[in-house]
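Student: Below is one structure. I have some questions about it.
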Amino acid sequence: MRRRLLLLVKEIRDLFLSRAALVLLLILSAVIGYSFYSAVVLYGNASVAAIDNPLYAAGFEPVPGVFAPTFGGLFLVFSLFLPFLLIPQITQERRNNTLAVLLQIPFSWLEIVTAKFCAAILFVLFALALTLPAVALWSAWGGHVPYGELALLAVGYLLYGIFVASVSLFAAALFDDTARASILAVIAIMASWLVDFGRDMNVSPLVTAVSDWTVTRMVKLFENGILSAQAAAYLLLLSLVFAACGYWLLRFDLRRKWRRLAGTALVIMAALYLASHLHLNADLAESGRNSFPAPTAEALRKVPALEIDVYLEKTDSRFKDFQKSFLDKLLLVKRDVKVTMIGGAPLKESYGKFVYQVNGRADTTFSNSDEEIFPLIFRLAGIEPAKRDGLPSYPGYPLVTSSGRQMTVIWLYLAMIPSLALLAFTAAHFSPRKKE
Amino acid sequence: MLRIKEISKNYAGAPSLAGVSFAVPANSITGIIGPNGAGKSTLLRIMAGFEFPDSGEILFRGTPLAGFAAIKRLVSYMPEQLEIYPDYRVNQFLNFLHRAVGRADEELLDVLNLRGVGQKKIGHLSKGYRQRVKLYFSLCNDRRIIILDEPFDGFDPIQLQDILEMIRAEQRKGRTFIISIHQLHDAEKICGHYVLLKEGRMVAEGDMNALSDRFGLEKPSLEQVFMEALL
């Protein structure tokens, strides 16, 4: 155990005290600072009109308004820059032959790879911790901090960071040189963005189908305040595929490693398939923006199995609205919902139609508004419709910030944190050491 | 003690080693001699378990050594292209090594004169001192077989005498050395047993007497044997 800890400390030191880590830290600080600053300015400007208007104020939520954009900076840095920090930790050891040193000490392959991976995860956590000063400032200004929702956001980005670390490990195991491995890793990570873009551009039905399973889409769930067991399992298992394949590829002491690679990938793919059937979701958004009001949800639970035939393309904006404002919320309440996307000639003939079926009774609407849909469903099920409350229960938390406060963010993230990082780096590398 | 049996290795279809067989006597210092491209480093990597041969096997006391785990319990290997953590200070690396292996060799530290450079970064050391750090790493363990790939590069003649004496001292403790050397006069000073390689094939092996007999030379220098065998 002591030896493993020693190796972990070495890996943490190698990673955190590298020049690439310093550069990444400076970029992270600038990006998080600027993202937070921009979000605070926009939120503050919009809040002016909401201070004395409770109905308007209800729309002011700190997580989607301020913290999600701040973490969005992390998403960019993790995707584009993190591989350039993590990959050299392996490729340099390969090039310098120091893997031979570690293996002969002797550490096992698993100990070496695990230590490197843990160090990478610690760096991701450290990067996430850089958002804490922003949260502290927000709280000090009198802003509301929904801790549960914020923690969920952080978990989403932690899972994304783990995914990036796994892809980096895989790329570093595949290629000896840092440049090729980094390019491969960035391409693999950005593939998710490309698929999302392809979906938005309606490139092909295949891309649209695949886009339901992109990493970015899974992370988005956490950003939206939904704790999804499926998304968490999916991100972890996908990370495991890359990490395990990287581990096997790295091992030069194995013959027939392709068999192990294929076996590992198959087992984890099977686990991924099982994970795709996990439907344990919870809306952790403080405002409940992802859920129907409690009386409606209660009434919907009493509705028997529901079938919905949708006569729309998945890329149609009406379907996207329907999905966001109704279907996603419905699926949080009811599992016995079967949605069928109608294609071919029937789609063309009745484009825009929604057919709802309960207990063999069916009704049709062209509306995607829940004000139309609820009465229709309750009528089919023979259930008394839930009474809707006119006033929102969530008060909203608008916050106007002065320009002086906003400038504090710039000073903190573009001057103080970078200066501290530079000081720490200089102290670690250039300070005279005690004689032994 | 160690028998190399019909080892062959091809890279992209071109043979790097072709059916190399020889024996390494216990407690010997065996020099692997040959011109550039003879396959010395490939042979050492295979013997250390860092590469698979296409065919052939390595026997330790008559038993095949199967797998990297079995080899690394016996063998310590210093690759030629080894750059030990250039950003680490010498003491920092030594502390890590000592704590990881659970021992320090104080005598070896003195012989290799590493105490005086403890505060320097390994990357800032002269080549000779970087070699000393590598040698210390290779010897600071309890392995019986030490494989060194070109360990004498970067030493001046005076330093080299100390290093050769240190290797002899380790040999007296019961260790077996297999050393790839391209400087023949250095090899002659330290080795008692030789394996001559040319274009991936073993040309001759044995002590100087055996080599003399093999090539019909009388009290030859290693250089004479080398010229006779390889040219």
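Chain labels A, B, ... are given in the sequence in which chains occur in the structure tokens; within each chain residues are numbered consecutively from 1, and ligands are likewise numbered from 1 in the order shown.
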Show me, as a list in words, the residues that have an atom within 7 Å of Pro86 (chain B) when counting only C-alpha atoms, minus same-chain residues fewer than 4 positions from it.
Tutor: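 So the residues in contact are Lys121, Ile122 and Gly123 of chain B.
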Student: Select all residues from chain A having any atom no more than 10 Å from an atom of chain B (counting only C-alpha atoms, ignoring ligands), output as a ChimeraX atom specification.
Tutor: /A:2-7,9-10,14,17-18,92-108,251-255,429,432-436
Student: Go ahead and save the picked residues with C-alpha atoms, as a short mmCIF file (atom, residue, chain, number, x, y, z; two decimals), in the first residue's frame.
Tutor:
```cif
data_model
loop_
_atom_site.label_atom_id
_atom_site.label_comp_id
_atom_site.auth_asym_id
_atom_site.auth_seq_id
_atom_site.Cartn_x
_atom_site.Cartn_y
_atom_site.Cartn_z
CA ARG A 2 2.84 2.37 0.92
CA ARG A 3 4.54 1.70 -2.41
CA ARG A 4 1.33 2.39 -4.32
CA LEU A 5 0.89 5.64 -2.44
CA LEU A 6 4.46 6.55 -3.29
CA LEU A 7 3.76 5.95 -6.97
CA VAL A 9 2.39 10.89 -5.16
CA LYS A 10 5.03 10.71 -7.92
CA ASP A 14 4.72 14.86 -12.33
CA LEU A 17 4.24 20.45 -11.60
CA SER A 18 4.57 20.07 -15.36
CA GLN A 92 7.22 10.81 -22.33
CA GLU A 93 7.60 7.78 -20.08
CA ARG A 94 7.56 5.60 -23.18
CA ARG A 95 10.01 7.76 -25.11
CA ASN A 96 12.44 8.08 -22.17
CA ASN A 97 12.09 4.39 -21.34
CA THR A 98 11.18 5.28 -17.75
CA LEU A 99 8.28 2.85 -17.94
CA ALA A 100 11.09 0.27 -17.86
CA VAL A 101 12.31 1.87 -14.64
CA LEU A 102 8.88 1.74 -13.00
CA LEU A 103 8.24 -1.81 -14.18
CA GLN A 104 11.55 -3.02 -12.79
CA ILE A 105 11.21 -1.32 -9.40
CA PRO A 106 8.86 -3.34 -9.72
CA PHE A 107 5.44 -1.78 -10.08
CA SER A 108 2.82 -3.69 -12.04
CA ARG A 251 1.30 -3.57 -22.24
CA PHE A 252 4.15 -4.67 -24.46
CA ASP A 253 4.56 -7.86 -22.44
CA LEU A 254 1.41 -9.49 -23.83
CA ARG A 255 0.97 -11.55 -26.94
CA HIS A 429 10.92 24.25 -9.50
CA PRO A 432 16.90 25.91 -3.18
CA ARG A 433 16.41 22.60 -1.45
CA LYS A 434 17.59 21.54 1.94
CA LYS A 435 20.73 19.45 1.90
CA GLU A 436 20.16 15.90 2.98
#
```
Student: Pick out the residues sitting within 9 Å of region 139-148 of chain A, and hand them over as a ChimeraX atom specification; count only C-alpha atoms, and ignore anything fewer than 3 positions along from it in its own chain.
Tutor: /A:61-63,134-136,151-153,284-286,397-399,401,405
Student: Of the candidates A:Thr296, A:Ser166, A:Ser204, A:Asn359, which one gets nearest to Ala381 (chain A) if we count only C-alpha atoms?
Tutor: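 Nearest candidate to Ala381 (chain A) out of A:Thr296, A:Ser166, A:Ser204, A:Asn359: A:Asn359.
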Student: Mind checking which residues fall within 8 Å of region 238-246 of chain A, counting only C-alpha atoms, ignoring those fewer than 4 positions away in the same chain, and posting them as number ranges by chain?
Tutor: A: 162-164, 166-167, 169-174, 234, 250, 261, 264-265, 268-269, 272
Student: Would you save the residues from that selection as a compact mmCIF listing (two decimals), in the first residue's frame, using N, CA and C atoms?
Tutor:
```txt
# COMPACT_ATOMS: atom_id res chain seq x y z
N ILE A 162 -13.41 12.59 -16.52
CA ILE A 162 -12.96 11.19 -16.49
C ILE A 162 -12.98 10.60 -17.90
N PHE A 163 -14.01 10.95 -18.66
CA PHE A 163 -14.10 10.47 -20.05
C PHE A 163 -12.91 10.98 -20.87
N VAL A 164 -12.61 12.27 -20.73
CA VAL A 164 -11.48 12.85 -21.49
C VAL A 164 -10.16 12.17 -21.06
N SER A 166 -9.78 9.15 -19.99
CA SER A 166 -9.75 7.79 -20.54
C SER A 166 -9.39 7.80 -22.02
N VAL A 167 -9.98 8.74 -22.76
CA VAL A 167 -9.66 8.83 -24.19
C VAL A 167 -8.17 9.18 -24.35
N LEU A 169 -5.73 8.41 -22.30
CA LEU A 169 -4.94 7.20 -22.00
C LEU A 169 -4.92 6.27 -23.20
N PHE A 170 -6.08 6.10 -23.81
CA PHE A 170 -6.18 5.23 -24.98
C PHE A 170 -5.31 5.75 -26.13
N ALA A 171 -5.39 7.05 -26.39
CA ALA A 171 -4.62 7.63 -27.50
C ALA A 171 -3.12 7.52 -27.22
N ALA A 172 -2.73 7.74 -25.96
CA ALA A 172 -1.30 7.67 -25.61
C ALA A 172 -0.78 6.24 -25.72
N ALA A 173 -1.67 5.28 -25.50
CA ALA A 173 -1.25 3.88 -25.61
C ALA A 173 -1.15 3.46 -27.08
N LEU A 174 -1.95 4.12 -27.91
CA LEU A 174 -1.98 3.75 -29.33
C LEU A 174 -0.79 4.31 -30.09
N TYR A 234 -23.60 5.43 -18.41
CA TYR A 234 -23.10 5.49 -19.78
C TYR A 234 -21.73 6.16 -19.82
N LEU A 250 -1.12 -0.63 -23.99
CA LEU A 250 0.15 -0.16 -23.43
C LEU A 250 1.07 -1.32 -23.09
N LEU A 261 -8.30 -7.03 -25.95
CA LEU A 261 -8.95 -5.75 -26.28
C LEU A 261 -10.39 -5.98 -26.70
N THR A 264 -12.56 -7.25 -23.78
CA THR A 264 -12.89 -6.15 -22.85
C THR A 264 -13.98 -5.26 -23.45
N ALA A 265 -13.75 -4.89 -24.73
CA ALA A 265 -14.70 -3.99 -25.38
C ALA A 265 -16.09 -4.63 -25.44
N ILE A 268 -17.81 -4.63 -21.98
CA ILE A 268 -18.27 -3.31 -21.56
C ILE A 268 -19.40 -2.81 -22.46
N MET A 269 -19.36 -3.20 -23.74
CA MET A 269 -20.46 -2.83 -24.64
C MET A 269 -21.77 -3.46 -24.15
N LEU A 272 -22.92 -1.52 -21.42
CA LEU A 272 -23.49 -0.27 -21.93
C LEU A 272 -24.93 -0.48 -22.40
```
Student: I'd like the contact shell of region 190-198 of chain B - 10 Å cut-off, only C-alpha atoms, skipping same-chain residues fewer than 2 positions apart - returned as a PyMOL selection string.
Tutor: chain B and resi 17+20-25+28-40+43+161+164-165+167-168+177-181+185-188+200-211+222+225-226+229-231
Student: Check the smallest atom-to-atom distance from each of A:Ala421, A:Ala39, A:Ile12, A:Met190 to Phe78 (chain A) using only C-alpha atoms, then report the winner.
Tutor: A:Met190
Student: I'd like the contact shell of Gln131 (chain B) - 9 Å cut-off, only C-alpha atoms, skipping same-chain residues fewer than 3 positions apart - returned as a PyMOL selection string.
Tutor: chain B and resi 126-128+134-136+151-155
Student: Kindly give the distance, in Å, that separates CA of Ile71 (chain B) and CA of Ser41 (chain B), rounded to a single decimal.
Tutor: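 So the answer is 16.9 Å.
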Student: To one decimal place, how far is CA of Tyr247 (chain A) from CA of Val113 (chain A) in Å?
Tutor: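 A separation of 6.9 Å between them.
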Student: Of the residues A:Tyr351, A:Phe197, A:Tyr160, A:Phe123, which is the one nearest to Leu312 (chain A), using only C-alpha atoms?
Tutor: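 Looking only at the distances to Leu312 (chain A), the closest residue turns out to be A:Tyr351.
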Student: DSSP on the backbone, then: every residue of region 8-124 of chain A marked helix (DSSP H, G or I), written as a ChimeraX atom specification.
Tutor: /A:8-16,19-47,54-57,62-80,82-86,88-95,98-104,109-124
Student: Now that the selection is made, can you save its residues with C-alpha atoms as a JSON list (two decimals), in the first residue's frame?
Tutor:
```json
[["chain", "number", "residue", "atom", "x", "y", "z"],
["A", 8, "LEU", "CA", 0.55, 7.98, -6.79],
["A", 9, "VAL", "CA", 2.39, 10.89, -5.16],
["A", 10, "LYS", "CA", 5.03, 10.71, -7.92],
["A", 11, "GLU", "CA", 2.35, 10.78, -10.62],
["A", 12, "ILE", "CA", 0.52, 13.68, -8.96],
["A", 13, "ARG", "CA", 3.78, 15.59, -8.70],
["A", 14, "ASP", "CA", 4.72, 14.86, -12.33],
["A", 15, "LEU", "CA", 1.32, 16.02, -13.55],
["A", 16, "PHE", "CA", 0.70, 19.05, -11.36],
["A", 19, "ARG", "CA", 4.80, 23.17, -17.50],
["A", 20, "ALA", "CA", 1.72, 22.02, -19.41],
["A", 21, "ALA", "CA", -0.24, 21.97, -16.12],
["A", 22, "LEU", "CA", 0.78, 25.56, -15.43],
["A", 23, "VAL", "CA", -0.29, 26.66, -18.91],
["A", 24, "LEU", "CA", -3.57, 24.77, -18.56],
["A", 25, "LEU", "CA", -4.17, 26.30, -15.15],
["A", 26, "LEU", "CA", -3.67, 29.80, -16.58],
["A", 27, "ILE", "CA", -6.08, 29.00, -19.44],
["A", 28, "LEU", "CA", -8.61, 27.47, -17.02],
["A", 29, "SER", "CA", -8.49, 30.46, -14.73],
["A", 30, "ALA", "CA", -8.96, 32.89, -17.61],
["A", 31, "VAL", "CA", -11.77, 30.89, -19.21],
["A", 32, "ILE", "CA", -13.68, 30.24, -15.96],
["A", 33, "GLY", "CA", -13.20, 33.86, -14.88],
["A", 34, "TYR", "CA", -14.39, 35.28, -18.17],
["A", 35, "SER", "CA", -17.34, 32.87, -18.39],
["A", 36, "PHE", "CA", -18.42, 33.75, -14.84],
["A", 37, "TYR", "CA", -17.92, 37.47, -15.48],
["A", 38, "SER", "CA", -20.02, 37.37, -18.67],
["A", 39, "ALA", "CA", -22.76, 35.35, -16.96],
["A", 40, "VAL", "CA", -22.85, 37.69, -13.95],
["A", 41, "VAL", "CA", -23.08, 40.77, -16.21],
["A", 42, "LEU", "CA", -25.91, 39.29, -18.32],
["A", 43, "TYR", "CA", -27.77, 37.93, -15.28],
["A", 44, "GLY", "CA", -27.36, 41.26, -13.50],
["A", 45, "ASN", "CA", -28.60, 43.31, -16.45],
["A", 46, "ALA", "CA", -31.63, 41.07, -16.89],
["A", 47, "SER", "CA", -32.32, 41.10, -13.15],
["A", 54, "PRO", "CA", -42.31, 38.32, -8.76],
["A", 55, "LEU", "CA", -43.71, 36.69, -11.89],
["A", 56, "TYR", "CA", -40.70, 37.70, -13.98],
["A", 57, "ALA", "CA", -38.30, 36.95, -11.10],
["A", 62, "PRO", "CA", -28.62, 30.78, -10.64],
["A", 63, "VAL", "CA", -27.57, 27.41, -12.07],
["A", 64, "PRO", "CA", -28.75, 27.79, -15.67],
["A", 65, "GLY", "CA", -28.23, 31.56, -15.49],
["A", 66, "VAL", "CA", -24.75, 31.78, -13.97],
["A", 67, "PHE", "CA", -23.13, 28.51, -12.95],
["A", 68, "ALA", "CA", -23.83, 26.41, -16.05],
["A", 69, "PRO", "CA", -22.19, 29.02, -18.34],
["A", 70, "THR", "CA", -19.26, 29.21, -15.90],
["A", 71, "PHE", "CA", -18.80, 25.45, -16.03],
["A", 72, "GLY", "CA", -19.24, 25.67, -19.81],
["A", 73, "GLY", "CA", -15.74, 27.18, -19.88],
["A", 74, "LEU", "CA", -14.47, 24.01, -18.22],
["A", 75, "PHE", "CA", -16.14, 21.93, -20.92],
["A", 76, "LEU", "CA", -14.21, 23.77, -23.60],
["A", 77, "VAL", "CA", -10.87, 23.49, -21.78],
["A", 78, "PHE", "CA", -11.35, 19.81, -20.94],
["A", 79, "SER", "CA", -12.23, 19.00, -24.55],
["A", 80, "LEU", "CA", -9.52, 20.97, -26.31],
["A", 82, "LEU", "CA", -6.74, 18.48, -21.21],
["A", 83, "PRO", "CA", -5.45, 15.75, -23.59],
["A", 84, "PHE", "CA", -2.34, 17.86, -24.22],
["A", 85, "LEU", "CA", -1.58, 17.70, -20.49],
["A", 86, "LEU", "CA", -2.43, 14.06, -19.85],
["A", 88, "PRO", "CA", 2.65, 13.42, -22.40],
["A", 89, "GLN", "CA", 2.51, 11.81, -18.95],
["A", 90, "ILE", "CA", 2.50, 8.48, -20.78],
["A", 91, "THR", "CA", 4.23, 9.20, -24.09],
["A", 92, "GLN", "CA", 7.22, 10.81, -22.33],
["A", 93, "GLU", "CA", 7.60, 7.78, -20.08],
["A", 94, "ARG", "CA", 7.56, 5.60, -23.18],
["A", 95, "ARG", "CA", 10.01, 7.76, -25.11],
["A", 98, "THR", "CA", 11.18, 5.28, -17.75],
["A", 99, "LEU", "CA", 8.28, 2.85, -17.94],
["A", 100, "ALA", "CA", 11.09, 0.27, -17.86],
["A", 101, "VAL", "CA", 12.31, 1.87, -14.64],
["A", 102, "LEU", "CA", 8.88, 1.74, -13.00],
["A", 103, "LEU", "CA", 8.24, -1.81, -14.18],
["A", 104, "GLN", "CA", 11.55, -3.02, -12.79],
["A", 109, "TRP", "CA", 1.21, -2.35, -15.20],
["A", 110, "LEU", "CA", -2.07, -1.99, -13.34],
["A", 111, "GLU", "CA", -0.44, 0.01, -10.53],
["A", 112, "ILE", "CA", 1.26, 2.34, -13.01],
["A", 113, "VAL", "CA", -1.82, 2.96, -15.15],
["A", 114, "THR", "CA", -4.09, 3.33, -12.11],
["A", 115, "ALA", "CA", -1.73, 5.85, -10.50],
["A", 116, "LYS", "CA", -1.61, 7.91, -13.69],
["A", 117, "PHE", "CA", -5.38, 7.76, -14.05],
["A", 118, "CYS", "CA", -5.97, 8.78, -10.42],
["A", 119, "ALA", "CA", -3.59, 11.71, -10.85],
["A", 120, "ALA", "CA", -5.56, 12.77, -13.95],
["A", 121, "ILE", "CA", -8.85, 12.59, -12.02],
["A", 122, "LEU", "CA", -7.32, 14.67, -9.22],
["A", 123, "PHE", "CA", -6.40, 17.29, -11.79],
["A", 124, "VAL", "CA", -9.97, 17.31, -13.06]]
```
Student: Name the residues of region 39-201 of chain B that fall into strand (DSSP E or B) according to DSSP on the backbone, using the chain letters and numbers of this document, as a ChimeraX atom specification.
Tutor: /B:55-60,63-64,75-78,89,121,145-149,176-180,193-198,201
Student: With a distance cut-off of 9 Å and only C-alpha atoms, select the neighbouring residues of Ala58 (chain A), excluding the residue or stretch itself and same-chain residues fewer than 4 positions from it, and output the selection as a short mmCIF file (atom, residue, chain, number, x, y, z; two decimals) with C-alpha atoms, in the first residue's frame.
Tutor:
```cif
data_model
loop_
_atom_site.label_atom_id
_atom_site.label_comp_id
_atom_site.auth_asym_id
_atom_site.auth_seq_id
_atom_site.Cartn_x
_atom_site.Cartn_y
_atom_site.Cartn_z
CA ALA A 50 -37.18 41.42 -12.25
CA ASN A 53 -41.78 41.72 -10.47
CA PRO A 54 -42.31 38.32 -8.76
CA SER A 287 -37.22 25.25 -9.44
CA PRO A 392 -45.19 29.75 -9.74
CA SER A 393 -43.98 28.18 -6.49
CA TYR A 394 -40.34 28.99 -7.24
CA PRO A 395 -39.62 32.59 -6.23
CA GLY A 396 -36.57 33.08 -8.52
CA TYR A 397 -33.36 34.76 -7.49
CA PRO A 398 -32.55 37.82 -9.58
#
```
